[in-house]
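Text of run_9.cif (mmCIF, C-alpha atoms and all ligand atoms) as supplied:
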```
data_entry
loop_
_atom_site.group_PDB
_atom_site.id
_atom_site.type_symbol
_atom_site.label_atom_id
_atom_site.label_comp_id
_atom_site.auth_asym_id
_atom_site.auth_seq_id
_atom_site.Cartn_x
_atom_site.Cartn_y
_atom_site.Cartn_z
ATOM 1 C CA MET X 1 71.134 -68.618 -22.119
ATOM 2 C CA GLN X 2 71.315 -70.728 -18.961
ATOM 3 C CA ILE X 3 70.392 -69.153 -15.631
ATOM 4 C CA SER X 4 71.948 -70.404 -12.422
ATOM 5 C CA ASP X 5 69.860 -71.103 -9.338
ATOM 6 C CA SER X 6 71.474 -68.294 -7.399
ATOM 7 C CA SER X 7 70.865 -65.769 -10.222
ATOM 8 C CA SER X 8 67.211 -66.725 -10.546
ATOM 9 C CA ARG X 9 66.856 -66.459 -6.757
ATOM 10 C CA ILE X 10 68.291 -62.923 -6.823
ATOM 11 C CA LEU X 11 65.904 -61.857 -9.596
ATOM 12 C CA ALA X 12 62.930 -63.493 -7.854
ATOM 13 C CA GLY X 13 63.897 -61.714 -4.615
ATOM 14 C CA LEU X 14 64.122 -58.346 -6.368
ATOM 15 C CA LEU X 15 60.724 -58.809 -8.025
ATOM 16 C CA GLU X 16 59.057 -59.872 -4.784
ATOM 17 C CA ALA X 17 60.616 -57.067 -2.734
ATOM 18 C CA ARG X 18 59.406 -54.412 -5.208
ATOM 19 C CA THR X 19 55.981 -55.751 -6.153
ATOM 20 C CA GLY X 20 55.060 -58.695 -3.928
ATOM 21 C CA GLN X 21 54.937 -60.934 -7.041
ATOM 22 C CA GLN X 22 56.476 -64.355 -6.552
ATOM 23 C CA LEU X 23 58.435 -65.963 -9.333
ATOM 24 C CA THR X 24 57.692 -69.564 -8.454
ATOM 25 C CA LEU X 25 60.074 -72.251 -9.703
ATOM 26 C CA SER X 26 57.603 -73.262 -12.412
ATOM 27 C CA ARG X 27 57.586 -69.689 -13.749
ATOM 28 C CA ARG X 28 61.337 -69.152 -13.759
ATOM 29 C CA TRP X 29 61.618 -70.296 -17.374
ATOM 30 C CA ARG X 30 60.134 -66.882 -18.220
ATOM 31 C CA ILE X 31 63.187 -64.996 -16.979
ATOM 32 C CA GLU X 32 65.260 -65.480 -20.092
ATOM 33 C CA THR X 33 62.539 -64.433 -22.566
ATOM 34 C CA ALA X 34 61.391 -61.603 -20.334
ATOM 35 C CA LEU X 35 64.811 -59.992 -20.062
ATOM 36 C CA SER X 36 66.385 -60.723 -23.447
ATOM 37 C CA GLY X 37 65.172 -57.452 -25.054
ATOM 38 C CA LEU X 38 66.435 -55.306 -22.210
ATOM 39 C CA MET X 39 69.808 -57.087 -22.201
ATOM 40 C CA ARG X 40 70.181 -56.633 -25.950
ATOM 41 C CA GLU X 41 69.346 -52.918 -25.610
ATOM 42 C CA ARG X 42 71.926 -52.461 -22.853
ATOM 43 C CA GLY X 43 74.572 -54.628 -24.509
ATOM 44 C CA ILE X 44 74.588 -57.088 -21.608
ATOM 45 C CA GLY X 45 75.746 -60.519 -22.802
ATOM 46 C CA THR X 46 74.681 -62.917 -20.059
ATOM 47 C CA LEU X 47 72.227 -63.076 -17.190
ATOM 48 C CA ASP X 48 75.109 -63.454 -14.757
ATOM 49 C CA GLU X 49 76.599 -60.194 -16.062
ATOM 50 C CA LEU X 50 73.219 -58.534 -15.531
ATOM 51 C CA ILE X 51 73.052 -59.869 -11.971
ATOM 52 C CA THR X 52 76.542 -58.549 -11.251
ATOM 53 C CA ILE X 53 75.516 -55.034 -12.373
ATOM 54 C CA LEU X 54 72.355 -55.273 -10.248
ATOM 55 C CA VAL X 55 74.170 -56.496 -7.154
ATOM 56 C CA MET X 56 76.772 -53.726 -7.457
ATOM 57 C CA GLY X 57 73.818 -51.308 -7.335
ATOM 58 C CA LYS X 58 75.419 -48.913 -9.814
ATOM 59 C CA GLU X 59 72.346 -48.584 -12.034
ATOM 60 C CA PRO X 60 69.161 -48.189 -10.020
ATOM 61 C CA SER X 61 67.118 -47.561 -13.180
ATOM 62 C CA LEU X 62 68.242 -50.936 -14.511
ATOM 63 C CA SER X 63 66.787 -52.790 -11.533
ATOM 64 C CA GLN X 64 63.431 -51.070 -12.108
ATOM 65 C CA MET X 65 63.548 -52.126 -15.773
ATOM 66 C CA VAL X 66 64.375 -55.698 -14.770
ATOM 67 C CA VAL X 67 61.405 -55.758 -12.379
ATOM 68 C CA GLU X 68 59.124 -54.366 -15.079
ATOM 69 C CA GLY X 69 60.437 -56.936 -17.563
ATOM 70 C CA LEU X 70 59.603 -59.762 -15.175
ATOM 71 C CA LEU X 71 56.015 -58.652 -14.565
ATOM 72 C CA ASN X 72 53.227 -60.346 -16.449
ATOM 73 C CA ASN X 73 51.351 -57.580 -18.302
ATOM 74 C CA GLU X 74 48.866 -59.727 -20.221
ATOM 75 C CA THR X 75 45.609 -57.850 -20.835
ATOM 76 C CA TYR X 76 43.036 -57.097 -23.506
ATOM 77 C CA PHE X 77 39.847 -55.129 -24.019
ATOM 78 C CA PHE X 78 36.783 -56.424 -22.125
ATOM 79 C CA ARG X 79 38.880 -59.307 -20.778
ATOM 80 C CA ASP X 80 36.685 -62.310 -19.894
ATOM 81 C CA ARG X 81 33.639 -60.239 -20.964
ATOM 82 C CA SER X 82 31.231 -61.453 -18.214
ATOM 83 C CA PRO X 83 32.633 -59.137 -15.483
ATOM 84 C CA PHE X 84 31.832 -56.181 -17.743
ATOM 85 C CA ASP X 85 28.317 -57.565 -18.339
ATOM 86 C CA LEU X 86 27.913 -57.788 -14.561
ATOM 87 C CA LEU X 87 28.932 -54.148 -14.136
ATOM 88 C CA GLN X 88 26.629 -53.113 -16.956
ATOM 89 C CA ARG X 89 23.679 -55.134 -15.702
ATOM 90 C CA TYR X 90 24.005 -54.612 -11.970
ATOM 91 C CA ALA X 91 26.597 -52.201 -10.554
ATOM 92 C CA LEU X 92 26.197 -49.283 -12.968
ATOM 93 C CA PRO X 93 22.360 -49.164 -12.786
ATOM 94 C CA GLU X 94 22.664 -49.316 -8.971
ATOM 95 C CA LEU X 95 25.175 -46.464 -9.001
ATOM 96 C CA ALA X 96 22.982 -44.441 -11.369
ATOM 97 C CA LYS X 97 20.326 -44.560 -8.614
ATOM 98 C CA ARG X 98 22.561 -44.226 -5.561
ATOM 99 C CA ARG X 99 24.684 -41.394 -6.913
ATOM 100 C CA ALA X 100 21.814 -39.560 -8.620
ATOM 101 C CA LYS X 101 22.358 -36.551 -6.384
ATOM 102 C CA SER X 102 26.111 -36.117 -6.697
ATOM 103 C CA LYS X 103 26.212 -37.423 -10.292
ATOM 104 C CA ARG X 104 29.776 -38.562 -9.668
ATOM 105 C CA ILE X 105 31.279 -42.025 -10.041
ATOM 106 C CA ARG X 106 34.821 -43.005 -9.150
ATOM 107 C CA ILE X 107 36.406 -46.222 -10.400
ATOM 108 C CA TRP X 108 39.889 -47.557 -9.691
ATOM 109 C CA SER X 109 41.550 -50.199 -11.827
ATOM 110 C CA ALA X 110 44.501 -51.440 -9.733
ATOM 111 C CA GLY X 111 47.080 -53.227 -11.879
ATOM 112 C CA CYS X 112 45.693 -51.824 -15.131
ATOM 113 C CA SER X 113 48.688 -52.844 -17.260
ATOM 114 C CA THR X 114 48.651 -50.997 -20.611
ATOM 115 C CA GLY X 115 45.177 -49.540 -20.085
ATOM 116 C CA GLN X 116 42.781 -51.770 -22.029
ATOM 117 C CA GLU X 117 40.683 -52.462 -18.897
ATOM 118 C CA VAL X 118 40.349 -48.734 -18.214
ATOM 119 C CA TYR X 119 39.376 -47.822 -21.780
ATOM 120 C CA SER X 120 36.869 -50.721 -21.777
ATOM 121 C CA LEU X 121 35.234 -49.175 -18.701
ATOM 122 C CA ALA X 122 35.237 -45.743 -20.337
ATOM 123 C CA MET X 123 33.509 -47.263 -23.380
ATOM 124 C CA MET X 124 30.663 -48.517 -21.198
ATOM 125 C CA PHE X 125 29.901 -44.943 -20.151
ATOM 126 C CA VAL X 126 30.349 -43.196 -23.494
ATOM 127 C CA GLU X 127 28.177 -45.803 -25.194
ATOM 128 C CA ASP X 128 25.274 -44.885 -22.916
ATOM 129 C CA PRO X 129 25.051 -41.074 -23.142
ATOM 130 C CA GLU X 130 21.356 -41.071 -22.178
ATOM 131 C CA THR X 131 22.156 -42.339 -18.687
ATOM 132 C CA TRP X 132 25.423 -40.539 -18.045
ATOM 133 C CA ARG X 133 24.930 -37.095 -19.571
ATOM 134 C CA GLY X 134 25.916 -34.473 -16.966
ATOM 135 C CA TRP X 135 27.774 -36.986 -14.756
ATOM 136 C CA THR X 136 31.415 -36.752 -13.701
ATOM 137 C CA ILE X 137 33.049 -40.095 -14.352
ATOM 138 C CA ASP X 138 36.551 -40.550 -12.978
ATOM 139 C CA ILE X 139 38.329 -43.776 -13.925
ATOM 140 C CA LEU X 140 41.802 -44.117 -12.447
ATOM 141 C CA GLY X 141 44.180 -46.767 -13.774
ATOM 142 C CA THR X 142 47.297 -47.575 -11.755
ATOM 143 C CA ASP X 143 50.172 -49.981 -12.197
ATOM 144 C CA VAL X 144 53.536 -50.542 -10.554
ATOM 145 C CA SER X 145 55.129 -50.575 -14.005
ATOM 146 C CA THR X 146 56.106 -47.141 -15.342
ATOM 147 C CA ALA X 147 56.368 -48.519 -18.873
ATOM 148 C CA CYS X 148 52.785 -49.829 -18.669
ATOM 149 C CA VAL X 149 51.448 -46.544 -17.307
ATOM 150 C CA ASP X 150 53.253 -44.607 -20.064
ATOM 151 C CA ARG X 151 51.665 -46.851 -22.677
ATOM 152 C CA ALA X 152 48.250 -46.601 -21.036
ATOM 153 C CA ARG X 153 48.481 -42.793 -21.091
ATOM 154 C CA LEU X 154 49.425 -42.898 -24.750
ATOM 155 C CA GLY X 155 46.302 -44.976 -25.391
ATOM 156 C CA THR X 156 47.656 -46.137 -28.728
ATOM 157 C CA TYR X 157 47.470 -49.798 -29.644
ATOM 158 C CA SER X 158 48.751 -52.032 -32.415
ATOM 159 C CA GLN X 159 46.342 -53.659 -34.861
ATOM 160 C CA PHE X 160 46.682 -56.919 -32.922
ATOM 161 C CA GLU X 161 46.033 -55.276 -29.539
ATOM 162 C CA VAL X 162 43.043 -53.229 -30.668
ATOM 163 C CA GLN X 163 41.382 -56.284 -32.169
ATOM 164 C CA ARG X 164 41.711 -58.317 -28.968
ATOM 165 C CA GLY X 165 38.314 -57.975 -27.320
ATOM 166 C CA LEU X 166 36.839 -55.235 -29.508
ATOM 167 C CA GLY X 167 34.355 -55.707 -32.315
ATOM 168 C CA ILE X 168 35.083 -53.953 -35.578
ATOM 169 C CA ASN X 169 32.390 -51.325 -34.916
ATOM 170 C CA GLN X 170 33.773 -50.410 -31.507
ATOM 171 C CA MET X 171 37.276 -50.283 -32.913
ATOM 172 C CA ILE X 172 36.302 -47.886 -35.692
ATOM 173 C CA LYS X 173 34.032 -45.798 -33.492
ATOM 174 C CA TRP X 174 36.361 -45.265 -30.534
ATOM 175 C CA PHE X 175 39.861 -45.483 -32.040
ATOM 176 C CA GLU X 176 41.449 -43.528 -34.850
ATOM 177 C CA GLU X 177 44.161 -44.958 -37.016
ATOM 178 C CA THR X 178 47.412 -43.018 -36.767
ATOM 179 C CA PRO X 179 50.910 -43.789 -38.096
ATOM 180 C CA ASP X 180 51.758 -45.059 -34.578
ATOM 181 C CA GLY X 181 48.727 -47.316 -34.212
ATOM 182 C CA TRP X 182 45.102 -47.068 -33.118
ATOM 183 C CA ARG X 183 44.622 -44.110 -30.785
ATOM 184 C CA ALA X 184 41.788 -43.906 -28.252
ATOM 185 C CA ALA X 185 39.324 -41.140 -29.141
ATOM 186 C CA GLU X 186 39.038 -37.999 -27.020
ATOM 187 C CA ALA X 187 35.714 -39.189 -25.576
ATOM 188 C CA LEU X 188 37.453 -42.267 -24.116
ATOM 189 C CA ARG X 189 40.388 -40.263 -22.786
ATOM 190 C CA LYS X 190 38.309 -37.660 -21.025
ATOM 191 C CA PRO X 191 37.113 -39.786 -18.074
ATOM 192 C CA VAL X 192 40.405 -41.668 -17.564
ATOM 193 C CA ARG X 193 43.727 -40.947 -15.897
ATOM 194 C CA PHE X 194 46.718 -43.097 -15.077
ATOM 195 C CA GLN X 195 49.351 -43.104 -12.394
ATOM 196 C CA VAL X 196 52.217 -45.284 -11.207
ATOM 197 C CA HIS X 197 51.218 -46.927 -7.955
ATOM 198 C CA ASN X 198 52.200 -50.002 -5.994
ATOM 199 C CA LEU X 199 49.249 -51.907 -4.607
ATOM 200 C CA LEU X 200 51.184 -52.635 -1.433
ATOM 201 C CA GLU X 201 51.334 -48.899 -0.637
ATOM 202 C CA PRO X 202 48.446 -46.799 0.743
ATOM 203 C CA PRO X 203 45.769 -46.323 -1.936
ATOM 204 C CA PRO X 204 45.765 -43.422 -4.406
ATOM 205 C CA HIS X 205 43.713 -40.252 -3.964
ATOM 206 C CA PRO X 206 40.937 -39.406 -3.651
ATOM 207 C CA GLY X 207 39.793 -42.787 -2.275
ATOM 208 C CA GLY X 208 36.104 -43.570 -1.759
ATOM 209 C CA PHE X 209 35.992 -45.469 -5.061
ATOM 210 C CA ASP X 210 32.572 -46.815 -6.033
ATOM 211 C CA VAL X 211 34.095 -49.729 -7.928
ATOM 212 C CA VAL X 212 37.607 -51.109 -7.521
ATOM 213 C CA LEU X 213 38.891 -53.614 -10.050
ATOM 214 C CA CYS X 214 41.941 -55.687 -9.212
ATOM 215 C CA ARG X 215 41.912 -58.431 -11.795
ATOM 216 C CA ASN X 216 44.679 -60.929 -12.425
ATOM 217 C CA VAL X 217 47.115 -59.089 -10.169
ATOM 218 C CA LEU X 218 47.003 -60.957 -6.858
ATOM 219 C CA LEU X 219 47.495 -64.465 -8.265
ATOM 220 C CA TYR X 220 51.201 -64.746 -7.452
ATOM 221 C CA LEU X 221 51.307 -62.813 -4.192
ATOM 222 C CA SER X 222 52.232 -64.604 -0.969
ATOM 223 C CA ALA X 223 49.420 -64.952 1.616
ATOM 224 C CA ASP X 224 50.652 -62.026 3.721
ATOM 225 C CA LYS X 225 51.067 -59.725 0.703
ATOM 226 C CA LYS X 226 47.603 -60.746 -0.484
ATOM 227 C CA ALA X 227 46.184 -59.853 2.924
ATOM 228 C CA LEU X 228 47.965 -56.484 2.792
ATOM 229 C CA SER X 229 46.594 -55.864 -0.719
ATOM 230 C CA PHE X 230 43.031 -56.609 0.413
ATOM 231 C CA GLU X 231 43.584 -54.192 3.280
ATOM 232 C CA ARG X 232 44.688 -51.496 0.827
ATOM 233 C CA LEU X 233 41.908 -52.206 -1.659
ATOM 234 C CA SER X 234 39.167 -52.245 0.966
ATOM 235 C CA SER X 235 40.392 -48.998 2.515
ATOM 236 C CA ALA X 236 40.030 -47.343 -0.908
ATOM 237 C CA MET X 237 36.390 -48.362 -1.369
ATOM 238 C CA ALA X 238 33.293 -46.267 -0.738
ATOM 239 C CA GLU X 239 31.261 -47.727 2.126
ATOM 240 C CA ASP X 240 28.774 -49.160 -0.356
ATOM 241 C CA GLY X 241 31.318 -49.777 -3.130
ATOM 242 C CA TRP X 242 32.317 -52.996 -4.877
ATOM 243 C CA LEU X 243 35.519 -54.877 -5.509
ATOM 244 C CA MET X 244 35.897 -56.997 -8.618
ATOM 245 C CA LEU X 245 38.631 -59.630 -8.955
ATOM 246 C CA GLY X 246 39.791 -61.730 -11.911
ATOM 247 C CA ALA X 247 38.261 -65.035 -12.978
ATOM 248 C CA GLY X 248 39.091 -67.702 -10.394
ATOM 249 C CA GLU X 249 40.194 -65.165 -7.764
ATOM 250 C CA THR X 250 38.312 -64.719 -4.510
ATOM 251 C CA VAL X 251 38.409 -62.938 -1.163
ATOM 252 C CA ILE X 252 37.001 -65.969 0.615
ATOM 253 C CA GLY X 253 39.451 -67.220 3.216
ATOM 254 C CA GLN X 254 41.853 -64.345 2.492
ATOM 255 C CA THR X 255 40.371 -61.403 4.388
ATOM 256 C CA SER X 256 37.516 -60.710 6.752
ATOM 257 C CA ARG X 257 37.088 -57.149 5.477
ATOM 258 C CA LEU X 258 35.362 -58.204 2.268
ATOM 259 C CA GLY X 259 32.563 -60.624 1.475
ATOM 260 C CA ALA X 260 30.574 -61.741 -1.553
ATOM 261 C CA ASP X 261 27.679 -59.556 -2.642
ATOM 262 C CA ILE X 262 24.683 -61.849 -2.371
ATOM 263 C CA ASN X 263 22.944 -59.969 -5.186
ATOM 264 C CA ALA X 264 25.768 -60.198 -7.686
ATOM 265 C CA ARG X 265 28.127 -63.144 -7.870
ATOM 266 C CA GLY X 266 31.636 -61.908 -8.688
ATOM 267 C CA LEU X 267 31.360 -58.632 -6.783
ATOM 268 C CA TYR X 268 32.639 -58.145 -3.245
ATOM 269 C CA ARG X 269 31.601 -55.588 -0.648
ATOM 270 C CA LEU X 270 32.922 -54.304 2.621
ATOM 271 C CA THR X 271 31.856 -56.279 5.646
ATOM 272 C CA SER X 272 31.242 -55.116 9.149
ATOM 273 C CA GLY X 273 33.008 -57.127 11.836
ATOM 274 C CA GLY X 274 33.774 -59.912 9.375
ATOM 275 C CA GLU X 275 30.114 -60.468 8.517
ATOM 276 C CA ARG X 276 28.659 -59.926 5.125
ATOM 277 C CA VAL X 277 26.669 -56.721 5.011
ATOM 278 C CA GLU X 278 24.001 -55.810 2.576
ATOM 279 C CA LYS X 279 23.309 -52.139 2.347
ATOM 280 C CA ARG X 280 20.352 -50.853 0.428
ATOM 281 C CA HIS X 281 18.870 -47.376 0.373
ATOM 282 C CA GLY X 282 20.770 -46.474 3.508
ATOM 283 C CA ASP X 283 19.306 -49.428 5.393
ATOM 284 C CA ARG X 284 22.156 -51.481 6.806
ATOM 285 C CA ARG X 285 21.551 -55.058 7.755
ATOM 286 C CA ALA X 286 23.839 -57.985 8.264
ATOM 287 C CA ALA X 287 23.114 -60.813 5.911
ATOM 288 C CA ALA X 288 24.006 -64.457 6.420
ATOM 289 C CA GLY X 289 27.753 -65.133 6.187
ATOM 290 C CA GLY X 290 29.611 -67.448 3.757
ATOM 291 C CA ALA X 291 30.490 -67.264 0.092
HETATM 292 C C1 LIG X 301 48.212 -59.709 -15.772
HETATM 293 S S1 LIG X 301 48.127 -57.941 -15.721
HETATM 294 C C2 LIG X 301 46.378 -57.693 -15.525
HETATM 295 C C3 LIG X 301 45.891 -56.439 -16.199
HETATM 296 C C4 LIG X 301 44.387 -56.201 -16.100
HETATM 297 N N1 LIG X 301 43.982 -55.972 -14.735
HETATM 298 C C5 LIG X 301 43.634 -57.371 -16.682
HETATM 299 O O1 LIG X 301 43.079 -58.184 -15.931
HETATM 300 O O2 LIG X 301 43.594 -57.503 -17.910
HETATM 301 C C6 LIG X 301 48.744 -57.645 -14.040
HETATM 302 C C7 LIG X 301 49.271 -56.230 -13.860
HETATM 303 O O3 LIG X 301 49.461 -56.010 -12.460
HETATM 304 C C8 LIG X 301 50.628 -55.223 -12.291
HETATM 305 N N2 LIG X 301 51.142 -55.419 -10.920
HETATM 306 C C9 LIG X 301 51.793 -56.479 -10.416
HETATM 307 N N3 LIG X 301 52.117 -56.277 -9.134
HETATM 308 C C10 LIG X 301 51.654 -55.042 -8.804
HETATM 309 C C11 LIG X 301 51.694 -54.243 -7.627
HETATM 310 N N4 LIG X 301 52.286 -54.673 -6.503
HETATM 311 N N5 LIG X 301 51.111 -53.024 -7.659
HETATM 312 C C12 LIG X 301 50.521 -52.561 -8.793
HETATM 313 N N6 LIG X 301 50.471 -53.259 -9.943
HETATM 314 C C13 LIG X 301 51.023 -54.490 -9.954
HETATM 315 C C14 LIG X 301 51.569 -55.713 -13.381
HETATM 316 O O4 LIG X 301 52.550 -54.745 -13.708
HETATM 317 C C15 LIG X 301 50.596 -55.988 -14.525
HETATM 318 O O5 LIG X 301 50.519 -54.902 -15.411
#
```
How would this structure read if it were set down as structure tokens?
Ligand SMILES: C[S@@+](CC[C@H](N)C(=O)[O-])C[C@H]1O[C@@H](n2cnc3c(N)ncnc32)[C@H](O)[C@@H]1O
Amino acid sequence: MQISDSSSRILAGLLEARTGQQLTLSRRWRIETALSGLMRERGIGTLDELITILVMGKEPSLSQMVVEGLLNNETYFFRDRSPFDLLQRYALPELAKRRAKSKRIRIWSAGCSTGQEVYSLAMMFVEDPETWRGWTIDILGTDVSTACVDRARLGTYSQFEVQRGLGINQMIKWFEETPDGWRAAEALRKPVRFQVHNLLEPPPHPGGFDVVLCRNVLLYLSADKKALSFERLSSAMAEDGWLMLGAGETVIGQTSRLGADINARGLYRLTSGGERVEKRHGDRRAAAGGA
């Protein structure tokens, strides 16, 4: 299946307009593979035929499916591992102290794909009942893709998916085998919820998130869309909350609203007036700037 330049430009334009994601020339080879299933399902023979239907605007649901097909949904449990160690070692113990009175923690995973990141976070809490007994843990997973959010809500994974990132003990302890796949146990489902949400829109309720994760989502956004996303993400954070990005992603040079946490490499905090701010026990002081 050969795709013409003009067709790939139309698809790239649609994807960018809906999600901010750019389909750079080097990634356009993905189009054919990404859309072949959908085209087969709909009995559409060629990409040009698909483009014609899209341009005529007769099937709005088809354009959403095309956008979702073009998104990169790669994810797995405890992806890259070290960010989760950092949360375990640093952010969660800090929150256990800082939120001791309210006993409430809110986490937002923006661009959660099919939910593995969210269930990994839930596992960190349920595996430490001593610390978190009596706490209200609210982990919200959002994604622009309805299909991903539906799958995340289902919380049922194939043998291959459940083994990616989980040890055998975790898999057996927190997932039950069903005819449809491995289903997340009730204990993992209780603290999590999912909703369709576009990162470029105002953040989801209730806001004031203690930790915001936005990992491997911003990579292909243009500079202005990235800036808008950082604006959205930072406005959703608690004053003393943290942002976590994917490996190789940074806020440095992209926004003045966020800066590196000098106590924990890989976590970002809100700044005041573009300067890095360290806030401890209610004592606010500006720390030296830079990465
Ligand atoms: C590569 S996956 C990363 C999943 C997970 N955060 C991880 O690191 O394993 C990127 C996800 O971001 C979602 N996404 C892309 N653009 C988005 C946008 N504008 N708003 C919300 N989600 C978006 C995609 O649908 C996809 O599921």
Who sits within 10 Å of region 249-252 of chain X, all atoms listed in the file, same chain under 4 positions skipped, as number ranges by chain: X: 214-219, 226-227, 230, 243-245, 256-260, 266-268, 290-291
If the limit is 8 Å from any atom of ligand LIG 301 (chain X), counting all atoms listed in the file, which residues qualify? Return them as a PyMOL selection string. chain X and resi 18-21+68+71-77+79+109-117+142-145+148+196-200+213-218+246
Taking C-alpha atoms for each residue, export the selection above as a PDB file, keeping the file's coordinate frame.
```pdb
ATOM      1  CA  ARG X  18      59.406 -54.412  -5.208  1.00  0.00           C
ATOM      2  CA  THR X  19      55.981 -55.751  -6.153  1.00  0.00           C
ATOM      3  CA  GLY X  20      55.060 -58.695  -3.928  1.00  0.00           C
ATOM      4  CA  GLN X  21      54.937 -60.934  -7.041  1.00  0.00           C
ATOM      5  CA  GLU X  68      59.124 -54.366 -15.079  1.00  0.00           C
ATOM      6  CA  LEU X  71      56.015 -58.652 -14.565  1.00  0.00           C
ATOM      7  CA  ASN X  72      53.227 -60.346 -16.449  1.00  0.00           C
ATOM      8  CA  ASN X  73      51.351 -57.580 -18.302  1.00  0.00           C
ATOM      9  CA  GLU X  74      48.866 -59.727 -20.221  1.00  0.00           C
ATOM     10  CA  THR X  75      45.609 -57.850 -20.835  1.00  0.00           C
ATOM     11  CA  TYR X  76      43.036 -57.097 -23.506  1.00  0.00           C
ATOM     12  CA  PHE X  77      39.847 -55.129 -24.019  1.00  0.00           C
ATOM     13  CA  ARG X  79      38.880 -59.307 -20.778  1.00  0.00           C
ATOM     14  CA  SER X 109      41.550 -50.199 -11.827  1.00  0.00           C
ATOM     15  CA  ALA X 110      44.501 -51.440  -9.733  1.00  0.00           C
ATOM     16  CA  GLY X 111      47.080 -53.227 -11.879  1.00  0.00           C
ATOM     17  CA  CYS X 112      45.693 -51.824 -15.131  1.00  0.00           C
ATOM     18  CA  SER X 113      48.688 -52.844 -17.260  1.00  0.00           C
ATOM     19  CA  THR X 114      48.651 -50.997 -20.611  1.00  0.00           C
ATOM     20  CA  GLY X 115      45.177 -49.540 -20.085  1.00  0.00           C
ATOM     21  CA  GLN X 116      42.781 -51.770 -22.029  1.00  0.00           C
ATOM     22  CA  GLU X 117      40.683 -52.462 -18.897  1.00  0.00           C
ATOM     23  CA  THR X 142      47.297 -47.575 -11.755  1.00  0.00           C
ATOM     24  CA  ASP X 143      50.172 -49.981 -12.197  1.00  0.00           C
ATOM     25  CA  VAL X 144      53.536 -50.542 -10.554  1.00  0.00           C
ATOM     26  CA  SER X 145      55.129 -50.575 -14.005  1.00  0.00           C
ATOM     27  CA  CYS X 148      52.785 -49.829 -18.669  1.00  0.00           C
ATOM     28  CA  VAL X 196      52.217 -45.284 -11.207  1.00  0.00           C
ATOM     29  CA  HIS X 197      51.218 -46.927  -7.955  1.00  0.00           C
ATOM     30  CA  ASN X 198      52.200 -50.002  -5.994  1.00  0.00           C
ATOM     31  CA  LEU X 199      49.249 -51.907  -4.607  1.00  0.00           C
ATOM     32  CA  LEU X 200      51.184 -52.635  -1.433  1.00  0.00           C
ATOM     33  CA  LEU X 213      38.891 -53.614 -10.050  1.00  0.00           C
ATOM     34  CA  CYS X 214      41.941 -55.687  -9.212  1.00  0.00           C
ATOM     35  CA  ARG X 215      41.912 -58.431 -11.795  1.00  0.00           C
ATOM     36  CA  ASN X 216      44.679 -60.929 -12.425  1.00  0.00           C
ATOM     37  CA  VAL X 217      47.115 -59.089 -10.169  1.00  0.00           C
ATOM     38  CA  LEU X 218      47.003 -60.957  -6.858  1.00  0.00           C
ATOM     39  CA  GLY X 246      39.791 -61.730 -11.911  1.00  0.00           C
TER      40      GLY X 246
END
```
Go through X:Gly248, X:Gly165, X:Pro60, X:Pro203 one by one, measure the shortest atom-to-atom distance of each to Arg81 (chain X) using only C-alpha atoms, and give the residue with the smallest value.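 Distance minimum relative to Arg81 (chain X) lands on X:Gly165.
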Tell me, in Å to one decimal, how far CA of Trp174 (chain X) is from CA of Asp80 (chain X).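 Going from CA of Trp174 (chain X) over to CA of Asp80 (chain X) covers 20.1 Å.
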Run the PyMOL selection byres (((chain X and resi 26-36) around 9) and not hetatm) mentally over the shown coordinates, then write out the matched residues as a VMD selection string, using the chain letters and numbers from the document. chain X and resid 1 to 3 8 11 to 12 23 to 25 37 to 41 47 66 69 to 71
Any chance you could resolve the PyMOL selection byres (((chain X and resi 234-242) around 9) and not hetatm) against this file and give the residues as an MDAnalysis selection string? chainID X and resid 91 108 202:213 229:233 243:244 257:258 261 267:270 278:280
